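S.K.: So that we are looking at the same thing, I have put the structure below in C-alpha cells.
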Amino acid sequence: MMKNGKKSRAKGSAASAEDALLSRITIDPEICHGKPAIRHLRYPVESMLEYLAAGDSFEDLLEEFPDLERDDLQACLDFAAQSLKLKSQHLVLACYPDQSSEND
C-alpha cells in the first residue's frame, strides 16, 4: 500500500540508481570487439565477472585495476543480472510453443 506516494518514489529512485550503474556499461564496436565493457575502457564485463566468480573481491580488483571504481564492478553484476532476466524470458517462451494454433 502506498502512503503519500512514498513507495512509488522509492521504486523510482532504485530504478534511477540501477540506470546510473548500467550507464557505466558501454558497447562500442571499436572496444573489446563490441562486447560490453566498463566506461569505454578496455575492461570487458565478462572478464570482471570471471574474476569475481573465481573468488576475487571488489577490493582485489580495485587494487589490481586502479582506474576502476566500486560502482563499475557493481554495474557488471547488475548488467549480468539484467541480461539473464532478458535471456530467461526468451528461453521460457522458446520452451512453450504457441498453443493457440492447437485450439483452432
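A note on labels: chains of the C-alpha cells are A, B, ... as shown, every chain counts residues from 1, and ligands are counted from 1 in their shown order.
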For Ala20 of chain A, list every protein, DNA or RNA residue within 10 Å, evaluated using only C-alpha atoms, and leave out those in the same chain fewer than 5 positions away; present the list as a PDB file with N, CA and C atoms, in the first residue's frame.

M.R.:
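Printed below is part-v7.pdb as written:
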ATOM      1  N   ALA A  14      15.233   3.704  -6.897  1.00  0.00           N
ATOM      2  CA  ALA A  14      16.010   2.467  -7.054  1.00  0.00           C
ATOM      3  C   ALA A  14      16.267   2.217  -8.532  1.00  0.00           C
ATOM      4  N   ALA A  15      15.246   2.441  -9.358  1.00  0.00           N
ATOM      5  CA  ALA A  15      15.414   2.262 -10.799  1.00  0.00           C
ATOM      6  C   ALA A  15      16.417   3.278 -11.347  1.00  0.00           C
ATOM      7  N   ILE A  25      28.168   0.700 -18.283  1.00  0.00           N
ATOM      8  CA  ILE A  25      28.470  -0.390 -19.209  1.00  0.00           C
ATOM      9  C   ILE A  25      28.217   0.106 -20.625  1.00  0.00           C
ATOM     10  N   ASP A  71      31.571   1.210  -8.180  1.00  0.00           N
ATOM     11  CA  ASP A  71      30.329   1.225  -8.956  1.00  0.00           C
ATOM     12  C   ASP A  71      30.487   0.530 -10.312  1.00  0.00           C
ATOM     13  N   ALA A  75      28.112  -2.388 -11.399  1.00  0.00           N
ATOM     14  CA  ALA A  75      27.428  -2.291 -12.694  1.00  0.00           C
ATOM     15  C   ALA A  75      27.577  -3.583 -13.489  1.00  0.00           C
TER      16      ALA A  75
END

S.K.: Quick one: everything within 8 Å of segment 26-35 of chain A, counting only C-alpha atoms, minus sequence neighbours fewer than 6 positions away in the same chain. Send it as a list of chain:residue names.

M.R.: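 Once the adjacent positions are removed, what remains is A:Leu41, A:Arg42, A:Tyr43, A:Pro44, A:Val45.
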
S.K.: Enter the distance from atom CA of Leu84 of chain A to atom CA of Pro66 of chain A, in Å, rounded to one decimal.

M.R.: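 Value for the atom CA of Leu84 of chain A-atom CA of Pro66 of chain A distance: 28.4 Å.
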